[in-house]
>>> print(open('run.pdb').read())   # PDB, C-alpha atoms and all ligand atoms
ATOM      1  CA  MET B   1       0.000   0.000   0.000
ATOM      2  CA  ALA B   2       2.877   2.409   0.870
ATOM      3  CA  THR B   3       4.566   1.749  -2.519
ATOM      4  CA  ARG B   4       1.407   2.522  -4.447
ATOM      5  CA  THR B   5       0.987   5.830  -2.551
ATOM      6  CA  GLN B   6       4.602   6.854  -3.287
ATOM      7  CA  GLY B   7       4.136   6.029  -6.983
ATOM      8  CA  ARG B   8       1.072   8.249  -7.210
ATOM      9  CA  SER B   9       2.925  11.117  -5.437
ATOM     10  CA  SER B  10       5.941  11.010  -7.815
ATOM     11  CA  THR B  11       3.658  11.085 -10.874
ATOM     12  CA  ARG B  12       1.901  14.142  -9.536
ATOM     13  CA  ASN B  13       5.240  15.840  -8.664
ATOM     14  CA  SER B  14       6.312  15.723 -12.314
ATOM     15  CA  SER B  15       3.182  17.652 -13.361
ATOM     16  CA  SER B  16       2.713  21.468 -13.552
ATOM     17  CA  ASN B  17       3.237  23.890 -10.659
ATOM     18  CA  ALA B  18      -0.474  24.692 -10.776
ATOM     19  CA  ARG B  19      -1.115  21.191  -9.610
ATOM     20  CA  SER B  20       1.687  21.167  -7.034
ATOM     21  CA  GLY B  21      -0.657  22.714  -4.418
ATOM     22  CA  SER B  22      -3.102  19.918  -4.791
ATOM     23  CA  THR B  23      -0.162  17.490  -4.725
ATOM     24  CA  ARG B  24       0.867  18.823  -1.309
ATOM     25  CA  GLN B  25      -2.724  18.454  -0.197
ATOM     26  CA  ASN B  26      -2.827  14.930  -1.550
ATOM     27  CA  LYS B  27       0.535  14.084   0.021
ATOM     28  CA  SER B  28      -0.605  15.513   3.301
ATOM     29  CA  ALA B  29      -3.799  13.482   3.091
ATOM     30  CA  SER B  30      -1.706  10.469   2.214
ATOM     31  CA  GLU B  31       0.541  11.049   5.243
ATOM     32  CA  GLN B  32      -2.525  11.396   7.427
ATOM     33  CA  ARG B  33      -3.885   8.187   6.075
ATOM     34  CA  SER B  34      -0.632   6.352   6.687
ATOM     35  CA  ALA B  35      -0.512   7.602  10.272
ATOM     36  CA  PHE B  36      -3.770   5.809  10.977
ATOM     37  CA  SER B  37      -3.383   2.787   8.718
ATOM     38  CA  TRP B  38      -1.403  -0.456   9.110
ATOM     39  CA  GLY B  39       1.832   0.930   7.581
ATOM     40  CA  GLU B  40       5.355  -0.485   7.709
ATOM     41  CA  ALA B  41       5.938   0.898  11.221
ATOM     42  CA  SER B  42       2.953  -0.981  12.583
ATOM     43  CA  GLY B  43       4.282  -4.291  11.219
ATOM     44  CA  PRO B  44       6.476  -5.208  14.209
ATOM     45  CA  LEU B  45       3.759  -4.073  16.629
ATOM     46  CA  LEU B  46       1.135  -6.136  14.867
ATOM     47  CA  GLY B  47       3.540  -9.083  14.764
ATOM     48  CA  ALA B  48       4.211  -8.749  18.496
ATOM     49  CA  ALA B  49       0.486  -8.565  19.236
ATOM     50  CA  ILE B  50      -0.157 -11.717  17.206
ATOM     51  CA  ALA B  51       2.818 -13.482  18.849
ATOM     52  CA  GLY B  52       1.573 -12.392  22.274
ATOM     53  CA  ALA B  53      -1.895 -13.711  21.557
ATOM     54  CA  ALA B  54      -0.401 -16.967  20.278
ATOM     55  CA  ILE B  55       1.742 -17.372  23.402
ATOM     56  CA  GLY B  56      -1.273 -16.599  25.578
ATOM     57  CA  PHE B  57      -3.376 -19.122  23.685
ATOM     58  CA  ALA B  58      -0.618 -21.765  23.890
ATOM     59  CA  ALA B  59      -0.227 -21.215  27.648
ATOM     60  CA  ASN B  60      -3.974 -21.406  28.200
ATOM     61  CA  TYR B  61      -4.234 -24.441  25.915
ATOM     62  CA  GLY B  62      -1.398 -26.114  27.840
ATOM     63  CA  ARG B  63      -3.102 -25.409  31.156
ATOM     64  CA  LYS B  64      -6.408 -26.785  29.888
ATOM     65  CA  ALA B  65      -4.678 -29.856  28.427
ATOM     66  CA  LEU B  66      -2.932 -30.490  31.754
ATOM     67  CA  MET B  67      -6.122 -30.051  33.783
ATOM     68  CA  GLN B  68      -8.244 -32.206  31.522
ATOM     69  CA  GLY B  69      -5.436 -34.704  30.886
ATOM     70  CA  MET B  70      -5.315 -35.313  34.617
ATOM     71  CA  GLU B  71      -9.057 -35.891  34.673
ATOM     72  CA  ALA B  72      -8.946 -38.168  31.636
ATOM     73  CA  THR B  73      -6.692 -40.569  33.574
ATOM     74  CA  VAL B  74      -9.415 -40.947  36.231
ATOM     75  CA  GLY B  75     -11.454 -43.264  33.993
ATOM     76  CA  ASP B  76     -15.007 -43.262  32.658
ATOM     77  CA  TRP B  77     -17.293 -40.220  32.636
ATOM     78  CA  ASP B  78     -18.951 -41.229  35.921
ATOM     79  CA  ALA B  79     -15.591 -41.544  37.693
ATOM     80  CA  ILE B  80     -14.528 -38.128  36.321
ATOM     81  CA  LEU B  81     -17.724 -36.525  37.601
ATOM     82  CA  ALA B  82     -17.426 -38.255  40.996
ATOM     83  CA  THR B  83     -13.865 -36.915  41.328
ATOM     84  CA  GLU B  84     -15.159 -33.437  40.559
ATOM     85  CA  HIS B  85     -17.810 -33.859  43.290
ATOM     86  CA  ASP B  86     -15.046 -34.734  45.773
ATOM     87  CA  MET B  87     -12.992 -31.738  44.649
ATOM     88  CA  ALA B  88     -15.950 -29.369  45.119
ATOM     89  CA  LEU B  89     -16.769 -30.806  48.552
ATOM     90  CA  ALA B  90     -13.108 -30.353  49.556
ATOM     91  CA  ILE B  91     -13.375 -26.641  48.646
ATOM     92  CA  PHE B  92     -16.517 -26.418  50.805
ATOM     93  CA  ASP B  93     -14.563 -27.909  53.733
ATOM     94  CA  LYS B  94     -11.823 -25.289  53.307
ATOM     95  CA  MET B  95     -14.489 -22.578  53.276
ATOM     96  CA  LEU B  96     -16.056 -23.953  56.464
ATOM     97  CA  ALA B  97     -12.637 -23.864  58.166
ATOM     98  CA  THR B  98     -12.340 -20.068  57.716
ATOM     99  CA  ASP B  99     -13.350 -17.372  60.169
ATOM    100  CA  GLN B 100     -14.935 -13.963  59.580
ATOM    101  CA  SER B 101     -11.571 -12.169  59.447
ATOM    102  CA  GLN B 102     -10.306 -14.251  56.467
ATOM    103  CA  THR B 103     -12.219 -12.317  53.849
ATOM    104  CA  PHE B 104      -9.571 -12.639  51.112
ATOM    105  CA  LYS B 105      -9.297 -16.409  51.570
ATOM    106  CA  ARG B 106     -13.077 -16.706  51.490
ATOM    107  CA  LYS B 107     -13.261 -14.712  48.240
ATOM    108  CA  ILE B 108     -10.607 -16.889  46.564
ATOM    109  CA  LEU B 109     -12.258 -20.116  47.728
ATOM    110  CA  LEU B 110     -15.645 -18.910  46.483
ATOM    111  CA  MET B 111     -14.101 -18.125  43.088
ATOM    112  CA  LYS B 112     -12.571 -21.612  42.958
ATOM    113  CA  LEU B 113     -15.853 -23.196  43.938
ATOM    114  CA  SER B 114     -17.777 -21.198  41.317
ATOM    115  CA  HIS B 115     -15.363 -22.253  38.589
ATOM    116  CA  ALA B 116     -15.387 -25.920  39.648
ATOM    117  CA  LEU B 117     -19.186 -26.101  39.867
ATOM    118  CA  ASP B 118     -19.675 -24.165  36.644
ATOM    119  CA  LYS B 119     -17.401 -26.492  34.656
ATOM    120  CA  HIS B 120     -18.981 -29.549  36.257
ATOM    121  CA  ALA B 121     -22.558 -28.389  35.602
ATOM    122  CA  HIS B 122     -21.681 -27.631  31.972
ATOM    123  CA  GLN B 123     -20.355 -31.164  31.420
ATOM    124  CA  GLU B 124     -23.507 -32.667  32.889
ATOM    125  CA  GLU B 125     -25.978 -30.309  31.250
ATOM    126  CA  MET B 126     -24.397 -30.461  27.794
ATOM    127  CA  VAL B 127     -23.610 -34.190  27.688
ATOM    128  CA  VAL B 128     -24.832 -36.434  30.507
ATOM    129  CA  TYR B 129     -28.335 -35.105  31.148
ATOM    130  CA  PRO B 130     -29.258 -35.056  27.441
ATOM    131  CA  ALA B 131     -27.985 -38.657  27.217
ATOM    132  CA  LEU B 132     -30.120 -39.563  30.252
ATOM    133  CA  ARG B 133     -33.203 -38.068  28.582
ATOM    134  CA  GLU B 134     -32.408 -39.963  25.373
ATOM    135  CA  ALA B 135     -32.383 -43.148  27.466
ATOM    136  CA  GLY B 136     -35.804 -42.288  28.946
ATOM    137  CA  ILE B 137     -34.506 -41.097  32.343
ATOM    138  CA  GLU B 138     -36.180 -37.733  31.886
ATOM    139  CA  VAL B 139     -37.719 -37.045  35.284
ATOM    140  CA  GLU B 140     -34.415 -37.521  37.102
ATOM    141  CA  ALA B 141     -32.511 -35.498  34.475
ATOM    142  CA  ASP B 142     -34.946 -32.607  34.882
ATOM    143  CA  GLN B 143     -34.754 -32.754  38.685
ATOM    144  CA  LEU B 144     -30.941 -32.748  38.605
ATOM    145  CA  GLU B 145     -30.847 -29.832  36.193
ATOM    146  CA  GLN B 146     -33.272 -27.897  38.376
ATOM    147  CA  GLU B 147     -30.965 -28.473  41.340
ATOM    148  CA  HIS B 148     -28.117 -26.910  39.339
ATOM    149  CA  GLY B 149     -30.273 -23.779  39.342
ATOM    150  CA  GLN B 150     -30.343 -23.943  43.136
ATOM    151  CA  VAL B 151     -26.525 -24.176  43.125
ATOM    152  CA  LYS B 152     -26.278 -20.995  41.050
ATOM    153  CA  THR B 153     -28.651 -19.235  43.462
ATOM    154  CA  TYR B 154     -26.396 -20.100  46.411
ATOM    155  CA  LEU B 155     -23.350 -18.811  44.514
ATOM    156  CA  TYR B 156     -25.214 -15.587  43.757
ATOM    157  CA  GLU B 157     -26.262 -15.164  47.396
ATOM    158  CA  LEU B 158     -22.735 -15.735  48.721
ATOM    159  CA  ASN B 159     -21.351 -13.200  46.262
ATOM    160  CA  GLU B 160     -24.008 -10.694  47.228
ATOM    161  CA  MET B 161     -23.664 -11.051  51.001
ATOM    162  CA  GLY B 162     -19.855 -10.716  50.927
ATOM    163  CA  PRO B 163     -17.248 -12.744  52.863
ATOM    164  CA  SER B 164     -17.646 -10.965  56.201
ATOM    165  CA  ALA B 165     -21.421 -11.474  56.476
ATOM    166  CA  SER B 166     -22.550 -12.993  59.792
ATOM    167  CA  ASN B 167     -24.528 -15.740  57.978
ATOM    168  CA  TRP B 168     -21.726 -16.606  55.490
ATOM    169  CA  LEU B 169     -20.682 -19.858  57.222
ATOM    170  CA  GLU B 170     -24.262 -20.920  57.797
ATOM    171  CA  THR B 171     -25.062 -20.382  54.100
ATOM    172  CA  VAL B 172     -21.957 -22.317  53.004
ATOM    173  CA  ARG B 173     -22.927 -25.176  55.349
ATOM    174  CA  GLU B 174     -26.455 -25.288  53.886
ATOM    175  CA  PHE B 175     -25.065 -25.075  50.356
ATOM    176  CA  ARG B 176     -22.704 -27.994  51.016
ATOM    177  CA  VAL B 177     -25.612 -30.176  52.119
ATOM    178  CA  VAL B 178     -27.482 -29.398  48.873
ATOM    179  CA  VAL B 179     -24.440 -30.209  46.690
ATOM    180  CA  SER B 180     -23.596 -33.340  48.667
ATOM    181  CA  ARG B 181     -27.162 -34.668  48.384
ATOM    182  CA  HIS B 182     -27.230 -33.887  44.653
ATOM    183  CA  ALA B 183     -23.873 -35.617  44.107
ATOM    184  CA  HIS B 184     -25.058 -38.630  46.094
ATOM    185  CA  MET B 185     -28.182 -38.978  43.941
ATOM    186  CA  GLU B 186     -26.056 -38.877  40.788
ATOM    187  CA  GLU B 187     -23.335 -41.231  42.004
ATOM    188  CA  GLU B 188     -25.486 -43.775  43.816
ATOM    189  CA  GLU B 189     -28.754 -43.817  41.889
ATOM    190  CA  VAL B 190     -29.055 -42.104  38.520
ATOM    191  CA  PHE B 191     -25.639 -42.628  36.923
ATOM    192  CA  PRO B 192     -25.252 -46.350  37.828
ATOM    193  CA  ALA B 193     -28.793 -47.125  36.589
ATOM    194  CA  PHE B 194     -28.009 -45.355  33.299
ATOM    195  CA  LYS B 195     -24.515 -46.815  32.896
ATOM    196  CA  GLN B 196     -25.545 -50.434  33.320
ATOM    197  CA  ASP B 197     -27.497 -50.274  30.047
ATOM    198  CA  LEU B 198     -24.708 -48.629  28.042
ATOM    199  CA  ASN B 199     -22.525 -50.694  25.747
ATOM    200  CA  ASP B 200     -18.754 -50.061  25.638
ATOM    201  CA  GLN B 201     -19.032 -47.803  22.602
ATOM    202  CA  GLN B 202     -21.748 -45.612  24.130
ATOM    203  CA  ASN B 203     -19.833 -45.416  27.390
ATOM    204  CA  ALA B 204     -16.629 -44.388  25.598
ATOM    205  CA  ARG B 205     -18.531 -41.800  23.563
ATOM    206  CA  ILE B 206     -19.956 -40.118  26.691
ATOM    207  CA  THR B 207     -16.524 -40.166  28.356
ATOM    208  CA  SER B 208     -14.994 -38.507  25.299
ATOM    209  CA  LEU B 209     -17.723 -35.840  25.153
ATOM    210  CA  VAL B 210     -17.414 -35.093  28.879
ATOM    211  CA  ASN B 211     -13.645 -34.731  28.462
ATOM    212  CA  ARG B 212     -14.033 -32.463  25.451
ATOM    213  CA  ASP B 213     -16.584 -30.230  27.176
ATOM    214  CA  GLY B 214     -14.458 -30.135  30.317
ATOM    215  CA  PHE B 215     -11.424 -29.118  28.252
ATOM    216  CA  TRP B 216     -13.077 -25.948  26.978
ATOM    217  CA  MET B 217     -14.482 -25.106  30.396
ATOM    218  CA  ALA B 218     -11.204 -25.806  32.295
TER
HETATM  219 FE    FE B 301     -25.254 -32.422  38.745
HETATM  220 FE    FE B 302     -22.516 -33.868  39.356
END
>>> encode(input="run.pdb", output="structure tokens", more="lines below")
Ligand SMILES: [Fe+2]
Ligand SMILES: [Fe+2]
Amino acid sequence: MATRTQGRSSTRNSSSNARSGSTRQNKSASEQRSAFSWGEASGPLLGAAIAGAAIGFAANYGRKALMQGMEATVGDWDAILATEHDMALAIFDKMLATDQSQTFKRKILLMKLSHALDKHAHQEEMVVYPALREAGIEVEADQLEQEHGQVKTYLYELNEMGPSASNWLETVREFRVVVSRHAHMEEEEVFPAFKQDLNDQQNARITSLVNRDGFWMA
């Protein structure tokens, strides 16, 4: 683009003096344009921005691959989800071990819990619950999904009340009971009943889909 602009300028410069005024105007306009366009000077900057984005993407991709790779070694989809239940309940226990003065720790733990439950709910809502419905286990799938709504309400309430609220611990304790009961229903009733009718191929397919969904949410 810069070469074409220079070529046009030199052609105009060889014309009459009467036109030299308009040439200056054109050149000035051209300079203005180049100051705001992707000229030669912006090349290295643009390159650095692209490289930076690529490095950022690679780092994030690596982190996701590590997180989900670790989960993939756990086994089938139901074992992955059960491990995630245990991880979430462990965060609850850390939260319950805090006191009112540890506001920063409470905030960080709530963020971790939100992320863990969000990723987990996405894997179930996008893969497992639809598969349950396909297998005719609709009532249970709908109940479980409704309970995920309750989970989001607790997260909202904890965020709203703030970490130094007098009822923070009580709310976390109540919330843990809800999640634990929900996890128990999945692990002990719904998932085993569903899994026993799956063939190896169907089971592997659900595991792969849960892993893929978890990768993007990690
Ligand atoms: Fe669930
Ligand atoms: Fe679950």
>>> resolve_selection(input="run.pdb", expression="the PyMOL selection byres (((not hetatm)) within 10 of (chain B and resi 302))", output="PyMOL selection string")
chain B and resi 78+80-86+88+117+120-125+128+144-145+148+179-180+182-187+191
>>> closest_residue(input="run.pdb", among="B:Glu140, B:Asp93, B:Asp197, B:Glu174", to="ligand FE 301 (chain B)", atoms="only C-alpha atoms and all ligand atoms")
B:Glu140
>>> atom_distance(input="run.pdb", atom1="CA of Ile91 (chain B)", atom2="CA of Leu109 (chain B)")
6.7 Å
>>> closest_residue(input="run.pdb", among="B:Met111, B:Met95, B:Ala79, B:Ala90", to="Trp168 (chain B)", atoms="only C-alpha atoms")
B:Met95
>>> resolve_selection(input="run.pdb", expression="the PyMOL selection byres (((chain B and resi 169) around 10) and not hetatm)", output="ChimeraX atom specification")
/B:95-100,158,163-168,170-175
>>> resolve_selection(input="run.pdb", expression="the PyMOL selection byres (((chain B and resi 213) around 9) and not hetatm)", output="number ranges by chain")
B: 119, 122-123, 126-127, 208-212, 214-218
>>> axis_aligned_box(input="run.pdb", around="region 185-190 of chain B", padding_each_side="6 Å", output="lines of an AutoDock Vina configuration file")
center_x = -26.2
center_y = -41.3
center_z = 41.2
size_x = 17.7
size_y = 16.9
size_z = 17.4
>>> residues_around(input="run.pdb", residues="Glu138 (chain B)", least_positions_apart="6", cutoff="9 Å", atoms="only C-alpha atoms", output="ChimeraX atom specification")
/B:129-130,132
>>> atom_distance(input="run.pdb", atom1="CA of Ala204 (chain B)", atom2="CA of Asp76 (chain B)")
7.3 Å
>>> atom_distance(input="run.pdb", atom1="CA of Glu189 (chain B)", atom2="CA of Asp118 (chain B)")
22.3 Å
>>> closest_residue(input="run.pdb", among="B:Glu147, B:Glu160, B:Asp142, B:Glu134", to="ligand FE 301 (chain B)", atoms="only C-alpha atoms and all ligand atoms")
B:Glu147
>>> closest_residue(input="run.pdb", among="B:Val74, B:Met161, B:Ala193, B:Val178", to="ligand FE 301 (chain B)", atoms="all atoms listed in the file")
B:Val178
>>> decode(input="run.pdb", residues="region 129-145 of chain B", atoms="N, CA and C atoms", output="CSV table (one decimal), in the first residue's frame")
chain,number,residue,atom,x,y,z
B,129,TYR,N,-26.9,-35.2,31.0
B,129,TYR,CA,-28.3,-35.1,31.1
B,129,TYR,C,-29.1,-35.3,29.8
B,130,PRO,N,-28.6,-34.7,28.7
B,130,PRO,CA,-29.3,-35.1,27.4
B,130,PRO,C,-29.2,-36.6,27.1
B,131,ALA,N,-28.1,-37.2,27.5
B,131,ALA,CA,-28.0,-38.7,27.2
B,131,ALA,C,-29.0,-39.4,28.1
B,132,LEU,N,-29.1,-38.9,29.3
B,132,LEU,CA,-30.1,-39.6,30.3
B,132,LEU,C,-31.5,-39.5,29.6
B,133,ARG,N,-31.9,-38.3,29.2
B,133,ARG,CA,-33.2,-38.1,28.6
B,133,ARG,C,-33.4,-39.0,27.4
B,134,GLU,N,-32.3,-39.1,26.6
B,134,GLU,CA,-32.4,-40.0,25.4
B,134,GLU,C,-32.7,-41.4,25.8
B,135,ALA,N,-32.2,-41.8,27.0
B,135,ALA,CA,-32.4,-43.1,27.5
B,135,ALA,C,-33.7,-43.3,28.2
B,136,GLY,N,-34.5,-42.2,28.3
B,136,GLY,CA,-35.8,-42.3,28.9
B,136,GLY,C,-35.8,-41.9,30.4
B,137,ILE,N,-34.6,-41.5,30.9
B,137,ILE,CA,-34.5,-41.1,32.3
B,137,ILE,C,-34.7,-39.6,32.5
B,138,GLU,N,-35.9,-39.2,32.0
B,138,GLU,CA,-36.2,-37.7,31.9
B,138,GLU,C,-36.5,-37.0,33.2
B,139,VAL,N,-37.3,-37.7,34.0
B,139,VAL,CA,-37.7,-37.0,35.3
B,139,VAL,C,-36.5,-36.7,36.2
B,140,GLU,N,-35.6,-37.7,36.3
B,140,GLU,CA,-34.4,-37.5,37.1
B,140,GLU,C,-33.5,-36.5,36.5
B,141,ALA,N,-33.4,-36.5,35.2
B,141,ALA,CA,-32.5,-35.5,34.5
B,141,ALA,C,-33.0,-34.1,34.7
B,142,ASP,N,-34.4,-33.9,34.7
B,142,ASP,CA,-34.9,-32.6,34.9
B,142,ASP,C,-34.8,-32.2,36.3
B,143,GLN,N,-34.9,-33.1,37.3
B,143,GLN,CA,-34.8,-32.8,38.7
B,143,GLN,C,-33.3,-32.3,38.9
B,144,LEU,N,-32.4,-33.1,38.4
B,144,LEU,CA,-30.9,-32.7,38.6
B,144,LEU,C,-30.6,-31.4,38.0
B,145,GLU,N,-31.1,-31.1,36.8
B,145,GLU,CA,-30.8,-29.8,36.2
B,145,GLU,C,-31.5,-28.7,37.0
